[in-house]
>>> print(open('upload14.tsv').read())   # TSV, C-alpha atoms and all ligand atoms
chain	number	residue	atom	x	y	z
U	1	MET	CA	-11.50	27.83	9.49
U	2	LYS	CA	-13.25	28.83	6.28
U	3	SER	CA	-16.47	30.77	6.67
U	4	SER	CA	-17.31	31.64	3.08
U	5	LEU	CA	-16.84	30.12	-0.36
U	6	GLU	CA	-14.41	32.87	-1.33
U	7	GLU	CA	-12.06	31.64	1.36
U	8	LEU	CA	-11.59	28.34	-0.45
U	9	ALA	CA	-8.25	28.36	-2.27
U	10	ILE	CA	-9.91	27.16	-5.46
U	11	PHE	CA	-11.91	30.45	-5.45
U	12	GLY	CA	-8.91	32.64	-4.64
U	13	GLY	CA	-8.64	32.22	-0.86
U	14	ARG	CA	-5.55	31.32	1.13
U	15	ALA	CA	-4.62	27.63	1.34
U	16	LEU	CA	-5.73	25.85	4.52
U	17	SER	CA	-2.24	24.53	5.21
U	18	ASP	CA	0.99	26.51	4.85
U	19	LYS	CA	2.96	23.34	4.29
U	20	ILE	CA	2.06	20.93	1.53
U	21	LEU	CA	0.61	17.74	2.99
U	22	PRO	CA	1.30	14.81	0.65
U	23	VAL	CA	-0.14	11.35	1.20
U	24	GLY	CA	3.16	9.47	1.14
U	25	GLN	CA	5.26	10.75	4.03
U	26	VAL	CA	8.67	9.32	4.81
U	27	ASN	CA	9.40	8.27	8.36
U	28	LEU	CA	12.96	9.52	8.78
U	29	PRO	CA	15.30	8.67	11.62
U	30	ASP	CA	16.79	11.32	13.84
U	31	TRP	CA	19.77	13.08	12.21
U	32	GLU	CA	22.13	12.60	15.19
U	33	LYS	CA	21.40	8.89	15.34
U	34	PHE	CA	21.76	8.64	11.60
U	35	GLN	CA	25.22	10.27	11.62
U	36	LYS	CA	26.40	8.24	14.58
U	37	SER	CA	25.38	4.94	13.03
U	38	TYR	CA	26.83	5.66	9.58
U	39	ARG	CA	30.29	6.71	10.79
U	40	PRO	CA	31.49	3.17	11.63
U	41	LEU	CA	29.71	1.88	8.55
U	42	LEU	CA	31.83	4.09	6.32
U	43	ARG	CA	34.99	2.80	8.05
U	44	THR	CA	34.22	-0.89	7.90
U	45	GLY	CA	31.85	-1.26	4.95
U	46	GLY	CA	29.33	-2.90	7.26
U	47	ALA	CA	29.48	-6.37	5.71
U	48	SER	CA	27.24	-7.92	8.38
U	49	LYS	CA	24.58	-5.17	8.28
U	50	VAL	CA	22.34	-6.81	5.70
U	51	GLU	CA	22.11	-9.99	7.76
U	52	GLU	CA	21.52	-8.02	10.93
U	53	PHE	CA	18.64	-6.19	9.26
U	54	GLU	CA	17.21	-9.45	7.88
U	55	GLU	CA	17.28	-10.97	11.35
U	56	ARG	CA	15.50	-7.99	12.86
U	57	MET	CA	12.88	-8.16	10.10
U	58	SER	CA	12.36	-11.85	10.63
U	59	SER	CA	11.63	-11.28	14.32
U	60	LEU	CA	9.25	-8.42	13.51
U	61	LEU	CA	7.41	-10.58	10.97
U	62	ASN	CA	7.78	-13.69	13.11
U	63	VAL	CA	8.88	-15.67	10.06
U	64	ARG	CA	11.83	-18.05	9.64
U	65	HIS	CA	13.62	-16.40	6.71
U	66	VAL	CA	13.85	-12.89	5.32
U	67	LEU	CA	15.82	-11.89	2.25
U	68	ALA	CA	16.37	-8.17	1.65
U	69	VAL	CA	16.19	-7.17	-2.02
U	70	THR	CA	16.42	-4.03	-4.18
U	71	ASN	CA	12.69	-3.35	-4.02
U	72	ALA	CA	9.39	-5.19	-3.88
U	73	THR	CA	9.00	-5.21	-7.65
U	74	ASP	CA	12.31	-7.05	-8.07
U	75	GLY	CA	11.31	-9.33	-5.21
U	76	LEU	CA	8.09	-10.32	-6.98
U	77	MET	CA	9.96	-10.94	-10.24
U	78	LEU	CA	12.49	-13.10	-8.46
U	79	VAL	CA	9.74	-15.16	-6.84
U	80	CYS	CA	7.95	-15.69	-10.19
U	81	LYS	CA	11.22	-16.97	-11.65
U	82	LEU	CA	12.20	-19.13	-8.69
U	83	LEU	CA	8.79	-20.80	-8.45
U	84	ARG	CA	9.33	-21.64	-12.15
U	85	LEU	CA	5.94	-20.20	-12.99
U	86	LYS	CA	4.75	-20.34	-16.59
U	87	GLY	CA	1.50	-19.26	-18.21
U	88	ARG	CA	-1.17	-17.37	-16.32
U	89	ILE	CA	-1.24	-15.76	-12.92
U	90	ALA	CA	-4.40	-14.58	-11.12
U	91	LEU	CA	-4.11	-11.23	-9.34
U	92	PRO	CA	-6.21	-8.20	-8.46
U	93	SER	CA	-6.66	-5.25	-10.81
U	94	PHE	CA	-7.16	-2.96	-7.82
U	95	THR	CA	-3.48	-2.59	-6.91
U	96	PHE	CA	-0.32	-0.70	-7.70
U	97	ALA	CA	0.96	-1.43	-11.23
U	98	ALA	CA	4.07	-3.28	-10.00
U	99	THR	CA	1.94	-6.20	-8.76
U	100	ALA	CA	1.12	-7.03	-12.38
U	101	GLN	CA	4.26	-5.66	-14.01
U	102	ALA	CA	6.58	-7.98	-12.09
U	103	PRO	CA	4.92	-11.20	-13.35
U	104	LEU	CA	4.69	-9.69	-16.83
U	105	TRP	CA	8.45	-9.04	-16.80
U	106	ALA	CA	8.93	-12.60	-15.60
U	107	GLY	CA	7.08	-13.83	-18.71
U	108	LEU	CA	3.67	-14.51	-17.15
U	109	GLU	CA	0.24	-13.44	-18.29
U	110	PRO	CA	-1.75	-11.59	-15.61
U	111	VAL	CA	-5.44	-12.48	-15.36
U	112	PHE	CA	-7.34	-9.93	-13.30
U	113	CYS	CA	-9.74	-10.79	-10.50
U	114	ASP	CA	-12.22	-8.62	-8.65
U	115	VAL	CA	-11.81	-7.80	-4.95
U	116	ASP	CA	-13.96	-7.78	-1.85
U	117	LYS	CA	-15.76	-4.49	-1.20
U	118	ASN	CA	-14.68	-4.32	2.46
U	119	THR	CA	-11.08	-5.50	2.45
U	120	CYS	CA	-10.39	-4.34	-1.14
U	121	ALA	CA	-8.42	-7.61	-1.46
U	122	LEU	CA	-8.87	-11.03	-3.11
U	123	THR	CA	-11.22	-13.61	-1.64
U	124	LYS	CA	-12.11	-17.16	-2.60
U	125	GLN	CA	-15.33	-15.83	-4.15
U	126	THR	CA	-13.62	-13.25	-6.34
U	127	VAL	CA	-10.88	-15.61	-7.56
U	128	GLU	CA	-12.70	-18.90	-8.11
U	129	PRO	CA	-14.51	-17.81	-11.31
U	130	VAL	CA	-11.10	-16.97	-12.83
U	131	MET	CA	-9.68	-20.35	-11.74
U	132	LYS	CA	-12.60	-22.16	-13.39
U	133	GLU	CA	-12.18	-20.39	-16.72
U	134	ASN	CA	-8.39	-20.35	-17.03
U	135	ASP	CA	-5.42	-22.60	-16.53
U	136	ILE	CA	-3.82	-20.64	-13.68
U	137	ALA	CA	-0.27	-21.38	-12.49
U	138	ALA	CA	-0.33	-19.10	-9.45
U	139	ILE	CA	-2.42	-16.72	-7.37
U	140	LEU	CA	-0.81	-13.47	-6.26
U	141	GLY	CA	-2.85	-11.72	-3.55
U	142	VAL	CA	-2.28	-8.17	-2.29
U	143	HIS	CA	-2.92	-7.24	1.34
U	144	MET	CA	-4.32	-3.86	0.44
U	145	TRP	CA	-3.40	-1.11	2.93
U	146	GLY	CA	-2.36	-3.81	5.38
U	147	ASN	CA	-5.71	-5.62	5.43
U	148	ALA	CA	-5.19	-9.28	4.60
U	149	CYS	CA	-6.62	-11.22	1.69
U	150	ASP	CA	-8.81	-14.23	2.38
U	151	VAL	CA	-5.64	-16.29	2.88
U	152	ALA	CA	-7.49	-19.45	3.94
U	153	GLY	CA	-9.78	-19.26	0.90
U	154	LEU	CA	-6.88	-18.69	-1.49
U	155	ALA	CA	-4.92	-21.58	0.02
U	156	GLU	CA	-7.98	-23.77	-0.61
U	157	LEU	CA	-8.16	-22.65	-4.24
U	158	GLY	CA	-4.44	-23.28	-4.64
U	159	GLU	CA	-4.95	-26.89	-3.52
U	160	LYS	CA	-8.09	-27.44	-5.56
U	161	TYR	CA	-6.71	-26.05	-8.84
U	162	GLY	CA	-3.04	-26.94	-8.41
U	163	ALA	CA	-1.86	-23.31	-8.29
U	164	ARG	CA	0.97	-21.82	-6.23
U	165	VAL	CA	0.00	-19.02	-3.86
U	166	PHE	CA	2.14	-16.07	-2.76
U	167	TYR	CA	1.55	-12.47	-1.69
U	168	ASP	CA	2.39	-8.88	-2.42
U	169	ALA	CA	2.62	-7.61	1.16
U	170	ALA	CA	4.08	-4.23	0.14
U	171	HIS	CA	1.70	-2.38	2.51
U	172	ALA	CA	1.67	-4.86	5.33
U	173	VAL	CA	4.85	-4.59	7.41
U	174	GLY	CA	3.90	-5.31	11.02
U	175	CYS	CA	0.28	-6.34	10.31
U	176	THR	CA	-1.43	-9.51	11.47
U	177	HIS	CA	-4.36	-11.53	10.21
U	178	GLN	CA	-6.38	-13.34	12.88
U	179	GLY	CA	-3.39	-12.88	15.13
U	180	ASN	CA	-0.87	-14.42	12.70
U	181	ASN	CA	1.83	-12.22	11.22
U	182	ILE	CA	1.60	-11.36	7.56
U	183	GLY	CA	4.82	-12.79	6.14
U	184	ASN	CA	3.80	-16.37	6.94
U	185	PHE	CA	1.09	-16.91	4.34
U	186	GLY	CA	1.45	-18.72	1.02
U	187	GLU	CA	4.87	-19.83	-0.19
U	188	CYS	CA	6.32	-16.40	0.47
U	189	GLU	CA	5.35	-12.77	0.89
U	190	VAL	CA	7.05	-9.70	-0.57
U	191	PHE	CA	7.30	-6.42	1.38
U	192	SER	CA	8.27	-2.94	0.20
U	193	PHE	CA	10.46	-0.33	1.91
U	194	HIS	CA	9.63	2.35	-0.65
U	195	ALA	CA	9.42	5.92	0.67
U	196	THR	CA	5.60	5.87	0.90
U	197	LYS	CA	5.58	2.69	2.96
U	198	VAL	CA	5.61	2.57	6.73
U	199	LEU	CA	9.20	1.34	7.06
U	200	GLY	CA	11.90	2.85	4.88
U	201	THR	CA	15.36	1.74	3.76
U	202	THR	CA	15.81	4.50	1.11
U	203	GLU	CA	14.15	2.13	-1.40
U	204	GLY	CA	14.20	-1.58	-0.85
U	205	GLY	CA	12.08	-4.61	-0.18
U	206	CYS	CA	12.24	-8.09	1.28
U	207	ILE	CA	10.90	-11.57	0.75
U	208	ALA	CA	9.68	-13.50	3.77
U	209	THR	CA	9.28	-17.28	3.74
U	210	ASN	CA	9.26	-20.31	5.99
U	211	ASP	CA	10.56	-22.48	3.15
U	212	GLN	CA	14.26	-23.03	3.68
U	213	GLU	CA	14.91	-24.42	0.19
U	214	LEU	CA	13.24	-21.47	-1.48
U	215	PHE	CA	15.15	-19.09	0.77
U	216	ARG	CA	18.52	-20.69	-0.09
U	217	GLU	CA	17.81	-20.46	-3.78
U	218	MET	CA	16.64	-16.85	-3.55
U	219	LYS	CA	19.72	-15.87	-1.62
U	220	LYS	CA	22.02	-17.46	-4.20
U	221	MET	CA	20.23	-15.58	-6.95
U	222	ARG	CA	20.39	-12.27	-5.12
U	223	ASP	CA	24.07	-12.66	-4.31
U	224	GLY	CA	24.99	-13.61	-7.85
U	225	ASP	CA	25.96	-17.19	-6.93
U	226	SER	CA	23.47	-18.71	-9.31
U	227	CYS	CA	21.58	-17.62	-12.37
U	228	ILE	CA	18.15	-18.23	-13.81
U	229	PRO	CA	17.77	-16.82	-17.31
U	230	GLY	CA	15.61	-13.73	-17.29
U	231	ALA	CA	15.83	-13.09	-13.54
U	232	ALA	CA	17.35	-9.77	-12.52
U	233	PRO	CA	20.00	-9.35	-9.83
U	234	CYS	CA	18.51	-7.57	-6.84
U	235	ALA	CA	21.17	-6.65	-4.28
U	236	PHE	CA	20.54	-4.75	-1.03
U	237	SER	CA	23.36	-2.61	0.38
U	238	PRO	CA	24.72	-2.28	3.93
U	239	ALA	CA	23.81	1.43	3.78
U	240	GLN	CA	20.17	0.49	3.09
U	241	ALA	CA	20.31	-2.08	5.86
U	242	GLN	CA	21.62	0.49	8.37
U	243	PHE	CA	18.82	2.87	7.42
U	244	GLY	CA	16.39	0.00	7.86
U	245	LEU	CA	17.74	-0.74	11.34
U	246	LEU	CA	17.12	2.89	12.35
U	247	SER	CA	13.61	2.68	10.87
U	248	LEU	CA	12.94	-0.51	12.82
U	249	ASP	CA	13.83	1.31	16.06
U	250	LEU	CA	11.20	3.92	15.21
U	251	PHE	CA	8.58	1.45	14.04
U	252	PRO	CA	6.62	0.79	17.27
U	253	GLU	CA	6.22	4.51	17.92
U	254	ILE	CA	5.21	5.26	14.32
U	255	LYS	CA	2.63	2.51	14.40
U	256	ASN	CA	1.04	4.03	17.51
U	257	LEU	CA	1.07	7.57	16.13
U	258	ASN	CA	-0.43	6.35	12.86
U	259	ARG	CA	-3.23	4.61	14.73
U	260	GLU	CA	-4.02	7.75	16.70
U	261	LYS	CA	-4.23	9.73	13.45
U	262	LEU	CA	-6.58	7.25	11.78
U	263	LEU	CA	-8.77	7.12	14.88
U	264	LEU	CA	-9.11	10.89	14.78
U	265	TYR	CA	-10.08	10.79	11.09
U	266	LYS	CA	-12.63	8.08	11.86
U	267	LYS	CA	-14.17	10.05	14.70
U	268	ARG	CA	-14.30	13.34	12.80
U	269	ILE	CA	-15.87	11.92	9.63
U	270	SER	CA	-18.32	9.60	11.39
U	271	ASP	CA	-21.16	12.09	10.88
U	272	LEU	CA	-20.07	13.23	7.41
U	273	PRO	CA	-22.62	11.95	4.85
U	274	GLY	CA	-21.26	9.99	1.90
U	275	PHE	CA	-17.79	9.81	3.41
U	276	SER	CA	-16.58	6.56	4.92
U	277	MET	CA	-13.22	5.20	5.94
U	278	ILE	CA	-11.73	2.01	4.57
U	279	GLU	CA	-10.76	0.98	8.03
U	280	PRO	CA	-7.71	-0.93	9.16
U	281	LYS	CA	-8.66	-4.02	11.14
U	282	TRP	CA	-8.48	-2.36	14.55
U	283	GLU	CA	-8.42	-5.66	16.41
U	284	GLU	CA	-5.22	-6.77	14.63
U	285	GLU	CA	-1.67	-5.49	14.84
U	286	HIS	CA	-1.67	-2.89	12.09
U	287	ASN	CA	0.73	-0.23	10.80
U	288	CYS	CA	-2.20	2.15	10.06
U	289	GLN	CA	-0.07	3.85	7.40
U	290	TYR	CA	-2.88	4.74	4.99
U	291	ALA	CA	-5.84	7.06	5.50
U	292	VAL	CA	-8.23	5.90	2.77
U	293	PHE	CA	-11.84	6.84	2.25
U	294	LYS	CA	-14.76	6.14	-0.03
U	295	ILE	CA	-16.88	8.98	-1.31
U	296	GLU	CA	-20.50	8.57	-2.42
U	297	LYS	CA	-21.10	11.67	-4.49
U	298	GLU	CA	-24.89	11.84	-4.07
U	299	GLU	CA	-24.71	11.91	-0.29
U	300	PHE	CA	-21.52	13.91	0.02
U	301	GLY	CA	-22.68	16.44	-2.54
U	302	LEU	CA	-19.56	16.41	-4.73
U	303	ASP	CA	-17.82	13.69	-6.67
U	304	ARG	CA	-14.42	12.39	-5.61
U	305	ASP	CA	-12.47	14.11	-8.40
U	306	SER	CA	-13.95	17.58	-7.76
U	307	LEU	CA	-13.25	17.16	-4.06
U	308	MET	CA	-9.66	16.18	-4.80
U	309	ASP	CA	-9.15	19.32	-6.93
U	310	ILE	CA	-10.44	21.49	-4.10
U	311	LEU	CA	-8.24	19.77	-1.52
U	312	VAL	CA	-5.07	19.99	-3.61
U	313	ARG	CA	-5.54	23.76	-3.88
U	314	GLU	CA	-5.66	23.84	-0.08
U	315	HIS	CA	-2.26	22.04	-0.05
U	316	ILE	CA	-3.97	18.83	1.02
U	317	HIS	CA	-2.47	16.59	-1.66
U	318	ALA	CA	-5.10	13.87	-1.64
U	319	ARG	CA	-4.69	11.05	-4.16
U	320	ARG	CA	-6.99	8.77	-6.07
U	321	TYR	CA	-6.42	5.05	-5.94
U	322	PHE	CA	-6.03	3.26	-8.46
U	323	VAL	CA	-7.37	5.08	-11.49
U	324	PRO	CA	-8.13	3.45	-13.81
U	325	GLY	CA	-7.91	-0.14	-12.60
U	326	LEU	CA	-5.02	-2.12	-14.09
U	327	HIS	CA	-7.43	-4.11	-16.27
U	328	LYS	CA	-8.23	-0.82	-18.02
U	329	SER	CA	-4.66	0.52	-18.13
U	330	PRO	CA	-1.97	-0.14	-20.74
U	331	PRO	CA	-0.35	-2.56	-21.32
U	332	PHE	CA	-3.04	-4.70	-19.69
U	333	ASN	CA	-6.19	-3.27	-21.30
U	334	GLN	CA	-7.61	-5.23	-24.20
U	335	ASN	CA	-9.59	-2.89	-26.47
U	336	GLY	CA	-12.87	-3.17	-24.64
U	337	LYS	CA	-12.50	-6.90	-24.02
U	338	GLU	CA	-11.48	-6.30	-20.41
U	339	PRO	CA	-12.96	-8.58	-17.78
U	340	CYS	CA	-15.98	-7.25	-15.92
U	341	LEU	CA	-14.81	-6.29	-12.40
U	342	PRO	CA	-17.68	-4.35	-10.81
U	343	VAL	CA	-16.23	-3.92	-7.32
U	344	THR	CA	-12.89	-2.77	-8.74
U	345	ASP	CA	-14.68	-0.21	-10.92
U	346	TYR	CA	-16.78	0.87	-7.95
U	347	LEU	CA	-13.69	1.44	-5.80
U	348	CYS	CA	-11.67	3.14	-8.55
U	349	GLU	CA	-14.43	5.76	-8.82
U	350	ARG	CA	-14.72	6.46	-5.12
U	351	VAL	CA	-11.47	5.93	-3.26
U	352	LEU	CA	-9.45	8.88	-2.01
U	353	GLN	CA	-6.37	8.81	0.17
U	354	LEU	CA	-5.83	11.70	2.56
U	355	PRO	CA	-2.57	12.81	4.22
U	356	SER	CA	-1.40	10.98	7.28
U	357	GLY	CA	2.04	10.08	8.60
U	358	ALA	CA	5.21	11.83	9.70
U	359	ASN	CA	4.40	15.38	8.56
U	360	THR	CA	0.72	15.38	9.42
U	361	ASN	CA	-0.16	16.00	13.06
U	362	LEU	CA	-3.50	15.68	14.82
U	363	GLU	CA	-4.16	19.38	14.41
U	364	ASP	CA	-3.72	19.09	10.62
U	365	ILE	CA	-6.18	16.20	10.56
U	366	ASP	CA	-8.67	18.15	12.61
U	367	LYS	CA	-8.42	21.04	10.15
U	368	ILE	CA	-8.76	18.73	7.15
U	369	CYS	CA	-11.90	17.19	8.64
U	370	SER	CA	-13.44	20.59	9.40
U	371	LEU	CA	-12.76	21.56	5.79
U	372	LEU	CA	-14.46	18.37	4.57
U	373	HIS	CA	-17.53	19.23	6.64
U	374	PHE	CA	-17.51	22.78	5.25
U	375	ILE	CA	-17.28	21.45	1.69
U	376	HIS	CA	-20.15	19.04	2.28
U	377	GLU	CA	-22.36	21.71	3.87
U	378	ASN	CA	-21.74	24.06	0.96
U	379	SER	CA	-21.55	21.48	-1.78
U	380	LYS	CA	-24.49	22.85	-3.77
U	381	SER	CA	-23.13	26.38	-3.98
U	382	ILE	CA	-19.57	25.10	-4.58
U	383	LYS	CA	-20.83	23.08	-7.54
U	384	ALA	CA	-22.71	26.08	-8.91
U	385	LYS	CA	-19.71	28.35	-8.51
U	386	LEU	CA	-17.35	25.82	-10.10
U	387	ARG	CA	-19.64	25.67	-13.11
U	388	LYS	CA	-19.86	29.44	-13.34
U	389	ASP	CA	-16.14	30.27	-12.90
K	1	LIG	C1	4.73	0.09	-3.46
K	1	LIG	C2	4.11	-1.13	-3.99
K	1	LIG	C3	4.84	-2.08	-4.72
K	1	LIG	C4	6.22	-1.82	-5.25
K	1	LIG	O1	7.15	-1.62	-4.28
K	1	LIG	P1	8.64	-1.18	-4.67
K	1	LIG	O2	9.42	-1.51	-3.45
K	1	LIG	O3	8.59	0.29	-4.95
K	1	LIG	O4	9.05	-1.97	-5.86
K	1	LIG	C5	4.23	-3.26	-5.09
K	1	LIG	N1	2.95	-3.51	-4.75
K	1	LIG	C6	2.20	-2.62	-4.07
K	1	LIG	C7	0.79	-2.97	-3.71
K	1	LIG	C8	2.75	-1.40	-3.69
K	1	LIG	O5	2.00	-0.50	-3.04
>>> encode(input="upload14.tsv", output="structure tokens")
Amino acid sequence: MKSSLEELAIFGGRALSDKILPVGQVNLPDWEKFQKSYRPLLRTGGASKVEEFEERMSSLLNVRHVLAVTNATDGLMLVCKLLRLKGRIALPSFTFAATAQAPLWAGLEPVFCDVDKNTCALTKQTVEPVMKENDIAAILGVHMWGNACDVAGLAELGEKYGARVFYDAAHAVGCTHQGNNIGNFGECEVFSFHATKVLGTTEGGCIATNDQELFREMKKMRDGDSCIPGAAPCAFSPAQAQFGLLSLDLFPEIKNLNREKLLLYKKRISDLPGFSMIEPKWEEEHNCQYAVFKIEKEEFGLDRDSLMDILVREHIHARRYFVPGLHKSPPFNQNGKEPCLPVTDYLCERVLQLPSGANTNLEDIDKICSLLHFIHENSKSIKAKLRKD
């Protein structure tokens, strides 16, 4: 452990970790199993693999229909087109850009809503003001880091204002809300199998729905059997499906390991001033894929961005989320006429994601937490030295 300022990498010391610890860590299947499962696939082409994967996903999500697609972004675009949405769509600003880009590509106008300070997701209270002021065709909620939106509240708003409701569930594979699986809320929910997500298919995504008509139409579109102008094709290959099947085998174990890692973080930072975890809902099923924290600079002693610089030099590749908010980022910003979203701004200034996942073990997390305590205890002299150097 570090015992003096000079030992910090930012001041010339050796990095805390020999390996680089990124935040998005891919959960890869075992090489032997991978080889064994791909051999027959290369012989036969694996025509039934996509359906097999979709069936396995639909049991995991406990939902009637699952359609695998190229990625979550394409999935969201497809849904916007198939629901025949026109005009404005209400969505959070505190999210990954694709949540807003997909509707934009599909010809819709995103209108940004604020989020709840605890779940970092949409609630009835944060969306209703936007519904009152605009003619909104649909509400697109994001279950941020696997914590659900106020799905009951949004369903109510959908009824009251005649808007369709669906979800970006990119982070939420295997998570529940009040005991019900995410995948069953709204008209449909879109999941991502991108490398940083808990379940990988070497890029990919899926749409989950209990609506058979919608599912049939989506499937026709994906398979090129029908066409809606402006909607992109979004195929999913047998090779992706086979990778997904291997990932699904690993999923229960990964979920448990992830939970252990987040619990260690929580324990080790519990007495660290100005540092708090955006916690997964422990009482739910949860993939626990993301270790996210909020930093209050006065109490911690350093602001989030300075801390991130220090950590990166230690090979702890922490990342800010989402800076700036989408309402302040091109092409969505409006020359100072952006909506006022105080909670979003508050979160954008404070949120930091730390490494967790496949390449980060409990020992790494313990070291990271000790380093955080060291930085806090020496924050005054670190600040002075940063200014001087
Ligand atoms: C990753 C992510 C997406 C996009 O997923 P892709 O599969 O890469 O298209 C969309 N929304 C959120 C919230 C994400 O984190």
>>> residues_near_ligand(input="upload14.tsv", ligand="ligand LIG 1 (chain K)", cutoff="10 Å", atoms="only C-alpha atoms and all ligand atoms", output="PyMOL selection string")
chain U and resi 69-76+92+94-102+141-146+167-172+190-197+200-206
>>> residues_around(input="upload14.tsv", residues="U:Cys188", least_positions_apart="5", cutoff="8 Å", atoms="only C-alpha atoms", output="PyMOL selection string")
chain U and resi 166-167+183+207-211
>>> closest_atom_pairs(input="upload14.tsv", of="stretch 98-167 of chain U", to="stretch 221-235 of chain U", cutoff="12 Å", atoms="all atoms listed in the file", output="Markdown table")
| residue | atom | partner | partner_atom | distance |
| --- | --- | --- | --- | --- |
| U:Ala102 | CA | U:Ala231 | CA | 10.7 |
| U:Pro103 | CA | U:Ala231 | CA | 11.1 |
| U:Leu104 | CA | U:Gly230 | CA | 11.7 |
| U:Trp105 | CA | U:Gly230 | CA | 8.6 |
| U:Ala106 | CA | U:Gly230 | CA | 7.0 |
| U:Gly107 | CA | U:Gly230 | CA | 8.6 |
| U:Leu108 | CA | U:Gly230 | CA | 12.0 |
>>> residues_near_point(input="upload14.tsv", point="(-6.2, 30.0, -2.6)", cutoff="12 Å", atoms="only C-alpha atoms", output="number ranges by chain")
U: 2, 5-18, 309-316
>>> atom_distance(input="upload14.tsv", atom1="atom CA of U:Thr44", atom2="atom CA of U:Ser59")
25.7 Å
>>> atom_distance(input="upload14.tsv", atom1="atom CA of U:Ile136", atom2="atom CA of U:Lys124")
14.3 Å
>>> atom_distance(input="upload14.tsv", atom1="atom CA of U:Arg304", atom2="atom CA of U:Asn118")
18.6 Å
>>> residues_around(input="upload14.tsv", residues="U:Leu91", least_positions_apart="6", cutoff="6 Å", atoms="all atoms listed in the file", output="ChimeraX atom specification")
/U:112-113,140-141
>>> residues_around(input="upload14.tsv", residues="U:Thr119", least_positions_apart="6", cutoff="8 Å", atoms="only C-alpha atoms", output="PDB file with C-alpha atoms, in the coordinates of the input")
ATOM      1  CA  MET U 144      -4.320  -3.860   0.440  1.00  0.00           C
ATOM      2  CA  ASN U 147      -5.710  -5.620   5.430  1.00  0.00           C
ATOM      3  CA  ALA U 148      -5.190  -9.280   4.600  1.00  0.00           C
ATOM      4  CA  CYS U 149      -6.620 -11.220   1.690  1.00  0.00           C
ATOM      5  CA  ILE U 278     -11.730   2.010   4.570  1.00  0.00           C
TER       6      ILE U 278
END
>>> closest_residue(input="upload14.tsv", among="U:Pro273, U:Pro129, U:Pro238, U:Gly158", to="U:Ile295", atoms="all atoms listed in the file")
U:Pro273
>>> closest_residue(input="upload14.tsv", among="U:Leu262, U:Leu82, U:Cys369, U:Ala90", to="U:Leu122", atoms="all atoms listed in the file")
U:Ala90
>>> build_atoms(input="upload14.tsv", residues="stretch 62-73 of chain U", atoms="N, CA and C atoms", output="mmCIF file, in the frame of the given file")
data_model
loop_
_atom_site.group_PDB
_atom_site.id
_atom_site.type_symbol
_atom_site.label_atom_id
_atom_site.label_comp_id
_atom_site.auth_asym_id
_atom_site.auth_seq_id
_atom_site.Cartn_x
_atom_site.Cartn_y
_atom_site.Cartn_z
ATOM 1 N N ASN U 62 7.939 -12.368 12.495
ATOM 2 C CA ASN U 62 7.780 -13.690 13.110
ATOM 3 C C ASN U 62 7.801 -14.806 12.052
ATOM 4 N N VAL U 63 8.757 -14.709 11.151
ATOM 5 C CA VAL U 63 8.880 -15.670 10.060
ATOM 6 C C VAL U 63 10.315 -16.199 10.054
ATOM 7 N N ARG U 64 10.511 -17.422 9.535
ATOM 8 C CA ARG U 64 11.830 -18.050 9.640
ATOM 9 C C ARG U 64 12.906 -17.312 8.823
ATOM 10 N N HIS U 65 12.586 -16.980 7.571
ATOM 11 C CA HIS U 65 13.620 -16.400 6.710
ATOM 12 C C HIS U 65 13.163 -15.088 6.075
ATOM 13 N N VAL U 66 14.100 -14.145 6.033
ATOM 14 C CA VAL U 66 13.850 -12.890 5.320
ATOM 15 C C VAL U 66 15.045 -12.593 4.429
ATOM 16 N N LEU U 67 14.770 -12.288 3.177
ATOM 17 C CA LEU U 67 15.820 -11.890 2.250
ATOM 18 C C LEU U 67 15.562 -10.457 1.791
ATOM 19 N N ALA U 68 16.519 -9.567 2.079
ATOM 20 C CA ALA U 68 16.370 -8.170 1.650
ATOM 21 C C ALA U 68 16.744 -8.071 0.174
ATOM 22 N N VAL U 69 15.949 -7.329 -0.579
ATOM 23 C CA VAL U 69 16.190 -7.170 -2.020
ATOM 24 C C VAL U 69 16.033 -5.700 -2.430
ATOM 25 N N THR U 70 16.382 -5.412 -3.682
ATOM 26 C CA THR U 70 16.420 -4.030 -4.180
ATOM 27 C C THR U 70 15.108 -3.274 -3.956
ATOM 28 N N ASN U 71 14.017 -3.908 -4.289
ATOM 29 C CA ASN U 71 12.690 -3.350 -4.020
ATOM 30 C C ASN U 71 11.657 -4.463 -4.161
ATOM 31 N N ALA U 72 10.416 -4.150 -3.855
ATOM 32 C CA ALA U 72 9.390 -5.190 -3.880
ATOM 33 C C ALA U 72 9.131 -5.702 -5.295
ATOM 34 N N THR U 73 9.237 -4.803 -6.263
ATOM 35 C CA THR U 73 9.000 -5.210 -7.650
ATOM 36 C C THR U 73 10.006 -6.298 -8.065
#
